[in-house]
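Okay, entry11.cif now, which holds mmCIF, C-alpha atoms and all ligand atoms:
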```cif
data_run
loop_
_atom_site.label_atom_id
_atom_site.label_comp_id
_atom_site.auth_asym_id
_atom_site.auth_seq_id
_atom_site.Cartn_x
_atom_site.Cartn_y
_atom_site.Cartn_z
CA MET B 1 -13.56 -1.99 28.80
CA LYS B 2 -11.62 -3.74 26.06
CA ASN B 3 -8.34 -2.47 24.62
CA VAL B 4 -8.19 -2.68 20.81
CA PRO B 5 -5.12 -0.80 19.59
CA PHE B 6 -5.08 0.44 16.02
CA PHE B 7 -2.05 -1.73 15.31
CA ASN B 8 -0.30 -4.25 17.52
CA TYR B 9 3.44 -3.99 16.71
CA PRO B 10 4.71 -6.53 19.27
CA TYR B 11 2.23 -9.10 17.88
CA LEU B 12 4.12 -8.99 14.56
CA PHE B 13 7.02 -10.72 16.27
CA LYS B 14 5.25 -12.65 19.01
CA SER B 15 2.77 -14.28 16.62
CA ARG B 16 5.46 -16.70 15.39
CA GLU B 17 8.35 -15.86 17.68
CA GLU B 18 10.05 -19.23 17.62
CA ASP B 19 10.11 -19.42 13.82
CA PHE B 20 11.44 -15.87 13.50
CA VAL B 21 14.22 -16.53 15.99
CA ASN B 22 15.13 -19.71 14.11
CA ILE B 23 15.28 -17.82 10.82
CA PHE B 24 17.52 -15.17 12.38
CA ARG B 25 19.82 -17.83 13.81
CA GLU B 26 19.97 -19.79 10.58
CA VAL B 27 20.77 -16.72 8.43
CA GLY B 28 23.27 -15.50 11.05
CA TYR B 29 25.10 -18.84 11.13
CA ARG B 30 25.44 -18.67 7.35
CA GLY B 31 26.61 -15.04 7.56
CA ALA B 32 24.23 -14.26 4.69
CA TYR B 33 23.39 -10.57 4.84
CA ILE B 34 23.58 -8.89 1.43
CA LEU B 35 22.34 -10.17 -1.97
CA GLN B 36 22.14 -13.79 -0.85
CA LYS B 37 19.99 -16.80 -1.58
CA ASP B 38 17.16 -15.74 0.75
CA LEU B 39 16.69 -12.57 -1.25
CA ARG B 40 16.64 -14.48 -4.54
CA ASP B 41 14.17 -17.01 -3.10
CA PHE B 42 11.93 -14.24 -1.86
CA GLU B 43 12.05 -12.49 -5.23
CA ASP B 44 11.10 -15.72 -7.02
CA ASN B 45 8.21 -16.35 -4.65
CA LEU B 46 7.08 -12.73 -4.72
CA ALA B 47 6.90 -12.81 -8.52
CA LYS B 48 4.92 -16.07 -8.36
CA PHE B 49 2.52 -14.63 -5.80
CA ALA B 50 2.08 -11.37 -7.72
CA GLY B 51 1.60 -13.20 -11.02
CA THR B 52 4.44 -11.26 -12.63
CA LYS B 53 7.51 -12.44 -14.51
CA TYR B 54 9.90 -10.52 -12.28
CA ALA B 55 10.29 -9.15 -8.75
CA VAL B 56 13.06 -7.12 -7.16
CA GLY B 57 13.66 -6.64 -3.43
CA LEU B 58 14.41 -3.04 -2.52
CA ALA B 59 15.23 -1.04 0.61
CA ASN B 60 11.72 0.44 1.03
CA GLY B 61 8.55 1.32 -0.86
CA THR B 62 9.63 4.91 -1.49
CA ASP B 63 12.85 3.91 -3.23
CA ALA B 64 10.76 1.46 -5.24
CA ILE B 65 8.68 4.31 -6.69
CA TRP B 66 11.52 6.63 -7.60
CA LEU B 67 13.77 3.90 -8.98
CA ALA B 68 10.88 2.62 -11.10
CA LEU B 69 10.09 6.14 -12.34
CA MET B 70 13.76 6.56 -13.21
CA ALA B 71 13.82 3.19 -14.97
CA ALA B 72 10.74 4.25 -16.96
CA GLY B 73 12.62 7.33 -18.16
CA ILE B 74 10.46 9.89 -16.36
CA GLY B 75 12.37 13.08 -15.67
CA LYS B 76 12.72 16.82 -16.09
CA GLY B 77 9.85 18.56 -17.87
CA ASP B 78 7.46 15.61 -17.44
CA GLU B 79 4.20 15.70 -15.53
CA VAL B 80 2.97 12.67 -13.63
CA ILE B 81 -0.65 12.40 -12.46
CA PHE B 82 -1.15 10.72 -9.09
CA ALA B 83 -3.92 10.53 -6.47
CA SER B 84 -3.85 13.26 -3.83
CA HIS B 85 -5.12 10.61 -1.40
CA THR B 86 -1.76 8.87 -1.12
CA TYR B 87 1.39 9.09 0.95
CA ILE B 88 3.76 12.00 0.34
CA ALA B 89 6.28 9.38 -0.85
CA THR B 90 4.38 9.01 -4.14
CA ALA B 91 4.65 12.72 -4.96
CA ALA B 92 8.16 13.04 -3.53
CA SER B 93 9.41 10.28 -5.81
CA ILE B 94 7.98 12.09 -8.83
CA ASN B 95 9.67 15.26 -7.62
CA PHE B 96 12.99 13.52 -7.04
CA VAL B 97 13.27 12.32 -10.64
CA GLY B 98 12.82 15.97 -11.69
CA ALA B 99 9.20 15.67 -12.87
CA THR B 100 6.14 17.57 -11.65
CA PRO B 101 3.59 15.73 -9.49
CA ILE B 102 0.01 16.58 -10.53
CA PRO B 103 -2.55 15.54 -7.89
CA ALA B 104 -5.90 14.06 -8.93
CA ASP B 105 -9.18 13.61 -7.07
CA CYS B 106 -10.58 10.36 -5.74
CA LYS B 107 -14.06 8.86 -5.84
CA SER B 108 -16.35 7.20 -3.33
CA ASP B 109 -14.24 4.04 -2.97
CA HIS B 110 -11.30 6.41 -2.21
CA MET B 111 -9.42 5.36 -5.36
CA ILE B 112 -8.15 7.78 -8.01
CA ASP B 113 -11.00 9.13 -10.16
CA PRO B 114 -10.44 8.49 -13.89
CA GLU B 115 -12.59 11.55 -14.72
CA SER B 116 -10.21 13.71 -12.70
CA ILE B 117 -7.19 12.20 -14.48
CA LYS B 118 -8.70 13.13 -17.86
CA LYS B 119 -9.02 16.79 -16.86
CA LEU B 120 -5.37 17.01 -15.78
CA ILE B 121 -3.73 15.72 -18.95
CA THR B 122 -1.51 18.26 -20.77
CA PRO B 123 1.08 17.89 -23.54
CA LYS B 124 3.66 17.40 -20.75
CA THR B 125 1.91 14.46 -19.12
CA LYS B 126 4.10 11.36 -19.35
CA ALA B 127 2.66 8.97 -16.81
CA ILE B 128 -0.20 8.06 -14.51
CA LEU B 129 0.84 6.76 -11.09
CA PRO B 130 -2.32 5.43 -9.42
CA THR B 131 -2.10 4.29 -5.80
CA GLN B 132 -3.59 0.86 -5.11
CA LEU B 133 -4.87 2.24 -1.82
CA ASN B 134 -6.13 0.48 1.30
CA GLY B 135 -5.58 -2.92 -0.31
CA ARG B 136 -7.83 -2.22 -3.30
CA CYS B 137 -6.84 -2.14 -6.95
CA CYS B 138 -8.06 0.86 -8.96
CA ASP B 139 -10.46 0.56 -11.89
CA MET B 140 -7.57 -0.28 -14.20
CA ASP B 141 -9.74 -0.61 -17.33
CA SER B 142 -10.51 3.11 -17.24
CA ILE B 143 -6.94 4.09 -16.33
CA MET B 144 -5.39 1.93 -19.04
CA SER B 145 -7.79 3.21 -21.68
CA ILE B 146 -6.94 6.85 -20.79
CA ALA B 147 -3.24 5.93 -20.90
CA LYS B 148 -3.63 4.27 -24.28
CA GLU B 149 -5.51 7.20 -25.75
CA HIS B 150 -2.85 9.69 -24.62
CA ASN B 151 0.19 7.45 -24.98
CA LEU B 152 1.04 7.51 -21.27
CA ILE B 153 2.99 5.14 -19.08
CA VAL B 154 1.21 3.60 -16.09
CA LEU B 155 3.20 2.72 -12.99
CA GLU B 156 1.30 1.50 -9.92
CA ASP B 157 2.08 2.59 -6.38
CA ALA B 158 1.03 -0.73 -4.88
CA ALA B 159 2.65 -0.07 -1.49
CA GLN B 160 -0.68 -1.03 0.11
CA GLY B 161 -1.91 -3.44 -2.53
CA LEU B 162 0.01 -6.71 -2.68
CA GLY B 163 -2.54 -9.39 -3.55
CA ALA B 164 -5.30 -7.01 -4.64
CA LYS B 165 -6.87 -7.70 -8.03
CA PHE B 166 -9.04 -6.04 -10.64
CA LYS B 167 -10.88 -8.40 -13.00
CA GLY B 168 -8.59 -11.22 -11.89
CA LYS B 169 -5.35 -9.32 -12.60
CA GLY B 170 -3.04 -8.52 -9.72
CA VAL B 171 -1.36 -5.20 -8.94
CA GLY B 172 1.82 -4.63 -10.91
CA THR B 173 0.57 -6.49 -14.00
CA PHE B 174 -1.11 -3.67 -15.89
CA ASP B 175 1.76 -1.82 -17.56
CA LYS B 176 5.24 -0.88 -16.26
CA GLY B 177 4.86 -2.61 -12.90
CA GLY B 178 3.95 -2.02 -9.26
CA THR B 179 5.96 -0.82 -6.30
CA ILE B 180 5.42 -2.49 -2.93
CA SER B 181 6.12 -1.50 0.67
CA PHE B 182 6.87 -4.06 3.36
CA TYR B 183 6.79 -1.44 6.13
CA PRO B 184 5.96 -3.31 9.38
CA ALA B 185 2.29 -2.26 9.44
CA LYS B 186 1.73 -3.23 5.81
CA ASN B 187 -0.21 -6.39 4.96
CA LEU B 188 3.07 -8.19 4.38
CA GLY B 189 5.26 -6.44 6.93
CA SER B 190 8.95 -6.87 7.68
CA PHE B 191 10.80 -6.05 10.91
CA GLY B 192 11.92 -2.66 9.61
CA ASP B 193 11.99 -0.90 6.26
CA ALA B 194 11.70 -2.99 3.11
CA GLY B 195 10.19 -2.69 -0.35
CA GLY B 196 9.90 -4.32 -3.74
CA PHE B 197 9.02 -3.95 -7.39
CA VAL B 198 6.99 -6.43 -9.43
CA THR B 199 6.69 -6.27 -13.20
CA ASN B 200 6.20 -8.14 -16.46
CA ASP B 201 8.45 -5.65 -18.27
CA LYS B 202 11.95 -7.07 -18.77
CA ASP B 203 13.54 -3.70 -19.44
CA MET B 204 12.04 -2.20 -16.24
CA TYR B 205 13.20 -5.23 -14.28
CA GLU B 206 16.75 -5.06 -15.58
CA LYS B 207 17.04 -1.32 -14.95
CA VAL B 208 15.64 -1.48 -11.40
CA MET B 209 18.00 -4.40 -10.64
CA LEU B 210 20.95 -2.26 -11.79
CA LEU B 211 19.76 0.91 -10.05
CA ARG B 212 19.39 -0.83 -6.69
CA ASP B 213 23.00 -2.09 -6.69
CA HIS B 214 25.25 0.77 -7.80
CA GLY B 215 24.58 0.18 -11.49
CA ARG B 216 26.50 -3.09 -11.26
CA ASN B 217 25.62 -6.09 -13.43
CA ASP B 218 25.93 -9.80 -12.56
CA ASP B 219 29.56 -9.81 -13.73
CA GLY B 220 30.42 -7.00 -11.30
CA VAL B 221 30.75 -4.43 -14.11
CA PHE B 222 29.36 -0.91 -13.49
CA VAL B 223 27.17 -0.30 -16.54
CA MET B 224 25.24 2.77 -15.35
CA TRP B 225 25.00 5.17 -12.41
CA GLY B 226 23.15 3.54 -9.55
CA PHE B 227 22.38 3.59 -5.84
CA ASN B 228 22.27 1.25 -2.91
CA SER B 229 18.66 0.23 -2.38
CA ARG B 230 19.02 -3.49 -1.77
CA LEU B 231 16.54 -5.37 0.40
CA ASP B 232 18.47 -6.85 3.35
CA ASN B 233 18.86 -10.59 3.00
CA LEU B 234 17.67 -11.12 6.58
CA GLN B 235 14.46 -9.14 5.99
CA ALA B 236 13.99 -11.13 2.77
CA ALA B 237 14.26 -14.37 4.76
CA PHE B 238 11.53 -13.20 7.16
CA LEU B 239 9.36 -11.96 4.31
CA ASN B 240 9.79 -15.17 2.36
CA TYR B 241 8.56 -17.14 5.37
CA LYS B 242 5.63 -14.73 5.89
CA LEU B 243 4.69 -14.89 2.22
CA GLY B 244 4.01 -18.60 2.82
CA TYR B 245 0.90 -17.77 4.86
CA TYR B 246 0.06 -14.39 3.33
CA SER B 247 -3.03 -15.72 1.51
CA GLU B 248 -4.49 -16.93 4.81
CA GLU B 249 -3.88 -13.48 6.27
CA ILE B 250 -5.70 -11.89 3.36
CA ASP B 251 -8.64 -14.23 3.97
CA ARG B 252 -8.69 -13.14 7.61
CA ARG B 253 -8.66 -9.47 6.65
CA ARG B 254 -11.59 -10.08 4.32
CA GLU B 255 -13.44 -11.86 7.13
CA ILE B 256 -12.89 -8.85 9.41
CA ALA B 257 -14.10 -6.51 6.67
CA ASN B 258 -17.24 -8.62 6.36
CA ILE B 259 -17.91 -8.29 10.10
CA TYR B 260 -17.47 -4.53 9.88
CA ASN B 261 -19.68 -4.21 6.81
CA SER B 262 -22.49 -6.27 8.29
CA ASN B 263 -22.42 -4.58 11.70
CA LEU B 264 -21.95 -0.98 10.58
CA SER B 265 -24.00 -0.74 7.39
CA ASN B 266 -27.10 0.23 9.39
CA ILE B 267 -25.50 3.51 10.54
CA LYS B 268 -26.54 6.23 8.13
CA GLN B 269 -23.84 8.64 9.33
CA LEU B 270 -21.16 6.31 7.95
CA HIS B 271 -19.89 5.62 4.46
CA LEU B 272 -18.15 2.21 4.41
CA PRO B 273 -15.66 0.72 1.97
CA PRO B 274 -17.10 -1.86 -0.43
CA ALA B 275 -17.66 -5.25 1.24
CA PRO B 276 -15.44 -8.15 0.09
CA ASN B 277 -17.90 -9.69 -2.34
CA GLU B 278 -19.83 -6.58 -3.28
CA ASP B 279 -18.36 -6.23 -6.77
CA GLN B 280 -16.86 -9.32 -8.40
CA ASN B 281 -14.49 -7.15 -10.46
CA TYR B 282 -12.51 -6.36 -7.33
CA PHE B 283 -10.56 -8.57 -4.96
CA ASP B 284 -9.61 -6.35 -2.01
CA VAL B 285 -7.00 -7.27 0.59
CA TYR B 286 -7.95 -4.62 3.16
CA GLN B 287 -4.62 -3.09 4.09
CA ASN B 288 -6.86 -0.57 5.82
CA TYR B 289 -10.53 -0.25 6.61
CA GLU B 290 -11.12 3.42 5.92
CA ILE B 291 -14.57 4.84 6.54
CA GLU B 292 -16.14 8.27 6.21
CA ALA B 293 -17.90 9.30 9.41
CA GLU B 294 -20.09 12.25 10.38
CA ASN B 295 -18.70 13.95 13.51
CA ARG B 296 -15.43 12.17 12.83
CA ASP B 297 -13.35 13.94 15.48
CA GLN B 298 -15.91 13.27 18.22
CA LEU B 299 -16.16 9.63 17.13
CA LYS B 300 -12.36 9.35 17.27
CA GLU B 301 -12.32 10.75 20.82
CA PHE B 302 -15.22 8.52 21.92
CA LEU B 303 -13.45 5.42 20.60
CA LYS B 304 -10.22 6.46 22.30
CA GLN B 305 -12.07 6.86 25.61
CA ASN B 306 -13.41 3.36 25.10
CA GLY B 307 -10.09 1.69 24.30
CA VAL B 308 -10.28 1.62 20.49
CA GLY B 309 -7.37 2.99 18.46
CA THR B 310 -8.01 4.75 15.15
CA LEU B 311 -5.88 6.62 12.63
CA ILE B 312 -6.52 9.35 10.11
CA GLN B 313 -4.47 8.54 7.07
CA TRP B 314 -1.47 10.81 6.22
CA GLY B 315 -2.02 12.77 9.44
CA GLY B 316 -5.19 14.14 7.84
CA GLN B 317 -3.33 15.80 4.96
CA PRO B 318 -3.99 14.74 1.38
CA VAL B 319 -0.91 15.63 -0.69
CA HIS B 320 -2.49 18.55 -2.57
CA SER B 321 -3.20 20.28 0.77
CA ILE B 322 0.51 20.58 1.58
CA THR B 323 0.94 24.18 0.48
CA SER B 324 4.52 24.36 1.83
CA LEU B 325 5.48 22.06 -1.07
CA GLY B 326 3.83 24.30 -3.64
CA PHE B 327 0.39 22.69 -3.87
CA THR B 328 -2.72 24.89 -3.86
CA GLY B 329 -4.93 22.83 -1.55
CA LYS B 330 -7.85 23.39 -3.92
CA GLY B 331 -9.66 21.88 -6.89
CA LEU B 332 -10.19 18.28 -5.75
CA PRO B 333 -13.70 18.40 -4.24
CA TYR B 334 -14.21 14.76 -3.27
CA THR B 335 -10.83 14.50 -1.56
CA GLU B 336 -11.33 17.80 0.28
CA GLU B 337 -14.76 16.82 1.65
CA MET B 338 -13.64 13.27 2.38
CA PHE B 339 -10.72 14.43 4.50
CA LYS B 340 -13.15 16.07 6.91
CA LYS B 341 -14.65 12.64 7.53
CA CYS B 342 -12.16 9.85 6.84
CA ILE B 343 -10.85 7.65 9.62
CA MET B 344 -9.42 4.15 9.75
CA ILE B 345 -10.60 1.64 12.33
CA PRO B 346 -8.49 -1.37 13.42
CA MET B 347 -7.74 -3.83 10.61
CA ASN B 348 -5.03 -6.40 11.19
CA THR B 349 -4.57 -10.09 11.83
CA ALA B 350 -4.00 -9.66 15.57
CA LEU B 351 -7.72 -8.88 15.98
CA THR B 352 -10.10 -11.49 17.33
CA ASN B 353 -13.76 -11.54 16.27
CA GLU B 354 -14.57 -10.26 19.77
CA ASP B 355 -12.25 -7.27 19.21
CA VAL B 356 -13.94 -6.48 15.90
CA LEU B 357 -17.43 -6.81 17.36
CA TYR B 358 -16.41 -4.59 20.27
CA VAL B 359 -15.30 -1.87 17.81
CA CYS B 360 -18.67 -2.19 16.02
CA GLU B 361 -20.54 -2.02 19.31
CA GLN B 362 -18.73 1.17 20.34
CA ILE B 363 -19.37 2.86 16.99
CA ASN B 364 -23.05 1.91 17.17
CA LYS B 365 -23.18 3.27 20.72
CA PHE B 366 -21.69 6.59 19.60
CA TYR B 367 -24.29 7.17 16.88
CA ASN B 368 -27.22 5.93 18.98
CA LYS B 369 -26.42 8.15 21.97
C1 LIG B 401 0.63 4.57 -0.70
C2 LIG B 401 2.04 4.51 -0.20
N1 LIG B 401 3.04 4.85 -1.03
C3 LIG B 401 4.32 4.77 -0.63
C4 LIG B 401 4.67 4.34 0.64
C5 LIG B 401 6.10 4.34 1.04
O1 LIG B 401 6.56 3.10 1.45
P1 LIG B 401 7.77 2.98 2.50
O2 LIG B 401 7.30 3.49 3.81
O3 LIG B 401 8.11 1.52 2.51
O4 LIG B 401 8.90 3.80 1.95
C6 LIG B 401 3.65 3.97 1.53
C7 LIG B 401 3.92 3.45 2.89
O5 LIG B 401 4.32 4.06 3.79
C8 LIG B 401 2.31 4.07 1.10
O6 LIG B 401 1.29 3.73 1.92
#
```
Written as structure tokens, how would this file's structure read?
Amino acid sequence: MKNVPFFNYPYLFKSREEDFVNIFREVGYRGAYILQKDLRDFEDNLAKFAGTKYAVGLANGTDAIWLALMAAGIGKGDEVIFASHTYIATAASINFVGATPIPADCKSDHMIDPESIKKLITPKTKAILPTQLNGRCCDMDSIMSIAKEHNLIVLEDAAQGLGAKFKGKGVGTFDKGGTISFYPAKNLGSFGDAGGFVTNDKDMYEKVMLLRDHGRNDDGVFVMWGFNSRLDNLQAAFLNYKLGYYSEEIDRRREIANIYNSNLSNIKQLHLPPAPNEDQNYFDVYQNYEIEAENRDQLKEFLKQNGVGTLIQWGGQPVHSITSLGFTGKGLPYTEEMFKKCIMIPMNTALTNEDVLYVCEQINKFYNK
């Protein structure tokens, strides 16, 4: 029996151990820990990679959302529409700026459903906060046209989406910007918490830069209230190095997705994510490979017994099902049905083709029993 863990955390370090140790030593010898050159270099390269004018390194992807919402002027009395199929951090950030998070449904590619957004708009709606989930960019044409019609701001939760594109445009380029997470298991993962914000909007950039460093400008003058949400210089140095081969890692993820799509598409009990070249409008970077599976819980157990790790996103709870936070748990039919079936199978660059084929073989075995 093979062992294919859902995610291989030690591999993150071991994959290029010598280089990481050298980076640590080099930064340590310079004593460069906070707001140093490595952070500025990473921000420059991140903006280049994202195709945006600006990038800011932040402490984590959650801070990135709430600081960006704050910078966009979202606050008390405002409603913000977001996808229920996202991390609690998206809704919590809306809540923490004093606004009301309004959950929307998703559609068969698991991305926010523009038709659901339309139904949720009220006179209080100020913004749409779509999640660029699983390494896929939403149908931004539909979202931007709804936003235009109703005079709404669009801010992208691109925690899972760095590198994903819709019609050739990358995440973070559509309106106010995109927030990124560099959580270790993310496509571009650091050795701890880390996040960022990419944008073409100068005002958003300047505000987020101030908010992340106590409201202090380049001359050391405190010009507004702020926080401490700086990306550690050391993490920035690691991330900057990893960004250098990030495109190759995306290619590998797309290769793995292709293997899954070709070896699992014959199973009628499964609903798979779109294959890499299925729709030329989308360029997906496969942060996750999330499927819908009949008899999901039995499949999960069978795979576990056979050495394959899986994960149900958000612990199986879409945000609108969290009634302890005031949500009703009702009214989003696709999301509710989907959460009975969704499961993620291994998707990361530690996987060999043999690992991926083994996962396929086990899934085929389960449904052909
Ligand atoms: C969709 C989404 N939004 C927000 C976050 C929060 O990012 P972080 O864990 O870096 O705070 C995550 C990652 O955990 C995420 O997947």
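Proximity to ligand LIG 401 (chain B) was assessed for B:Asn95, B:Asn288, B:Asn240, B:Asn281 counting all atoms listed in the file; the smallest distance is recorded for B:Asn288.
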Might you pull out every residue within 12 Å of Val208 of chain B, with all atoms listed in the file counted and same-chain residues fewer than 6 positions away left off, and present them as a compact mmCIF listing (two decimals) with C-alpha atoms, in the frame of the given file?
```
# COMPACT_ATOMS: atom_id res chain seq x y z
CA TYR B 54 9.90 -10.52 -12.28
CA ALA B 55 10.29 -9.15 -8.75
CA VAL B 56 13.06 -7.12 -7.16
CA GLY B 57 13.66 -6.64 -3.43
CA LEU B 58 14.41 -3.04 -2.52
CA ASP B 63 12.85 3.91 -3.23
CA ALA B 64 10.76 1.46 -5.24
CA ILE B 65 8.68 4.31 -6.69
CA TRP B 66 11.52 6.63 -7.60
CA LEU B 67 13.77 3.90 -8.98
CA ALA B 68 10.88 2.62 -11.10
CA LEU B 69 10.09 6.14 -12.34
CA MET B 70 13.76 6.56 -13.21
CA ALA B 71 13.82 3.19 -14.97
CA ALA B 72 10.74 4.25 -16.96
CA GLY B 73 12.62 7.33 -18.16
CA LYS B 176 5.24 -0.88 -16.26
CA GLY B 177 4.86 -2.61 -12.90
CA GLY B 178 3.95 -2.02 -9.26
CA THR B 179 5.96 -0.82 -6.30
CA GLY B 196 9.90 -4.32 -3.74
CA PHE B 197 9.02 -3.95 -7.39
CA VAL B 198 6.99 -6.43 -9.43
CA THR B 199 6.69 -6.27 -13.20
CA ASP B 201 8.45 -5.65 -18.27
CA LYS B 202 11.95 -7.07 -18.77
CA HIS B 214 25.25 0.77 -7.80
CA GLY B 215 24.58 0.18 -11.49
CA ARG B 216 26.50 -3.09 -11.26
CA ASN B 217 25.62 -6.09 -13.43
CA MET B 224 25.24 2.77 -15.35
CA TRP B 225 25.00 5.17 -12.41
CA GLY B 226 23.15 3.54 -9.55
CA PHE B 227 22.38 3.59 -5.84
CA ASN B 228 22.27 1.25 -2.91
CA SER B 229 18.66 0.23 -2.38
CA ARG B 230 19.02 -3.49 -1.77
```
Check which residues fall inside 7 Å of ligand LIG 401 (chain B) when counting only C-alpha atoms and all ligand atoms, and print them as a ChimeraX atom specification. /B:60-63,86-87,89-90,131,133,157-160,181-183,193-195
One-decimal distance in Å that lies between atom CA of His110 of chain B and atom CA of Val359 of chain B: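 We find that atom CA of Val359 of chain B and atom CA of His110 of chain B lie 22.0 Å from each other.
With only C-alpha atoms as the atoms that count, the residue of B:Thr52, B:Thr100, B:Ser262, B:Asn8 with the shortest distance to Lys126 of chain B is B:Thr100.
Atom CA of Val308 of chain B lies 13.8 Å from atom CA of Ala350 of chain B.
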Give the answer as one residue: which of B:Ile256, B:Phe302, B:Met140, B:Gln287 has the shortest atom-to-atom distance to Thr352 of chain B, using only C-alpha atoms? B:Ile256
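The space separating atom CA of Ser93 of chain B from atom CA of Gln235 of chain B comes to 23.3 Å.
Non-sequential neighbours of segment 327-341 of chain B (distance at most 9 Å, separation of 4 or more positions within a chain, all atoms listed in the file) are Ser84, His85, Pro103, Ala104, Asp105, Cys106, Lys107, Ser108, His110, Ser116, Ile291, Glu292, Ala293, Glu294, Asn295, Arg296, Asp297, Ile312, Gln313, Gly316, Gln317, Pro318, Val319, His320, Ser321, Ile322 and Thr323 of chain B.
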With distances taken over all atoms listed in the file, which residue among B:Gly163, B:Pro346, B:Gly315, B:Gly309 lies nearest Ala50 of chain B?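 Of all the options, B:Gly163 lies closest to Ala50 of chain B.
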Using only C-alpha atoms, find all polymer residues with an atom at most 7 Å away from the point (-17.0, 3.0, 1.2); report them as an mmCIF file with C-alpha atoms, keeping the file's coordinate frame.
```cif
data_model
loop_
_atom_site.group_PDB
_atom_site.id
_atom_site.type_symbol
_atom_site.label_atom_id
_atom_site.label_comp_id
_atom_site.auth_asym_id
_atom_site.auth_seq_id
_atom_site.Cartn_x
_atom_site.Cartn_y
_atom_site.Cartn_z
ATOM 1 C CA SER B 108 -16.350 7.200 -3.330
ATOM 2 C CA ASP B 109 -14.240 4.040 -2.970
ATOM 3 C CA HIS B 271 -19.890 5.620 4.460
ATOM 4 C CA LEU B 272 -18.150 2.210 4.410
ATOM 5 C CA PRO B 273 -15.660 0.720 1.970
ATOM 6 C CA PRO B 274 -17.100 -1.860 -0.430
ATOM 7 C CA ILE B 291 -14.570 4.840 6.540
#
```
Compare B:Asn151, B:Ile363, B:Phe283, B:Met347 by their minimum atom-to-atom distance to Ser265 of chain B, counting only C-alpha atoms, and give me the closest one. B:Ile363
With all atoms listed in the file as the basis for distance, which of B:Thr349, B:Thr173, B:Ser142, B:Gln132 is at the shortest distance from Asn200 of chain B?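 Closest candidate: B:Thr173.
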Counting only C-alpha atoms, select every polymer residue within 12 Å of (-23.0, 8.4, 21.9) as defined in the file's coordinates, and provide the selection as a list in words. Asn295, Gln298, Leu299, Lys300, Glu301, Phe302, Leu303, Gln305, Asn306, Glu361, Gln362, Ile363, Asn364, Lys365, Phe366, Tyr367, Asn368 and Lys369 of chain B
Lys165 of chain B surroundings by only C-alpha atoms, 9 Å radius, close-in-sequence under 2 positions cut, as a list in words: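 In the requested format, the answer is Arg136, Cys137, Cys138, Gly161, Leu162, Gly163, Lys167, Gly168, Lys169, Gly170, Val171, Asn281, Tyr282, Phe283, Asp284 and Val285 of chain B.
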Contacts of Asp41 of chain B at 9 Å (all atoms listed in the file; same-chain gap of 3+ positions) as a PyMOL selection string: chain B and resi 36-38+44-46+236-237+240
May I have the selected residues written with C-alpha atoms, as a PDB file, in the frame of the given file?
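Writing the result to out.pdb gives the following:
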```pdb
ATOM      1  CA  GLN B  36      22.140 -13.790  -0.850  1.00  0.00           C
ATOM      2  CA  LYS B  37      19.990 -16.800  -1.580  1.00  0.00           C
ATOM      3  CA  ASP B  38      17.160 -15.740   0.750  1.00  0.00           C
ATOM      4  CA  ASP B  44      11.100 -15.720  -7.020  1.00  0.00           C
ATOM      5  CA  ASN B  45       8.210 -16.350  -4.650  1.00  0.00           C
ATOM      6  CA  LEU B  46       7.080 -12.730  -4.720  1.00  0.00           C
ATOM      7  CA  ALA B 236      13.990 -11.130   2.770  1.00  0.00           C
ATOM      8  CA  ALA B 237      14.260 -14.370   4.760  1.00  0.00           C
ATOM      9  CA  ASN B 240       9.790 -15.170   2.360  1.00  0.00           C
TER      10      ASN B 240
END
```
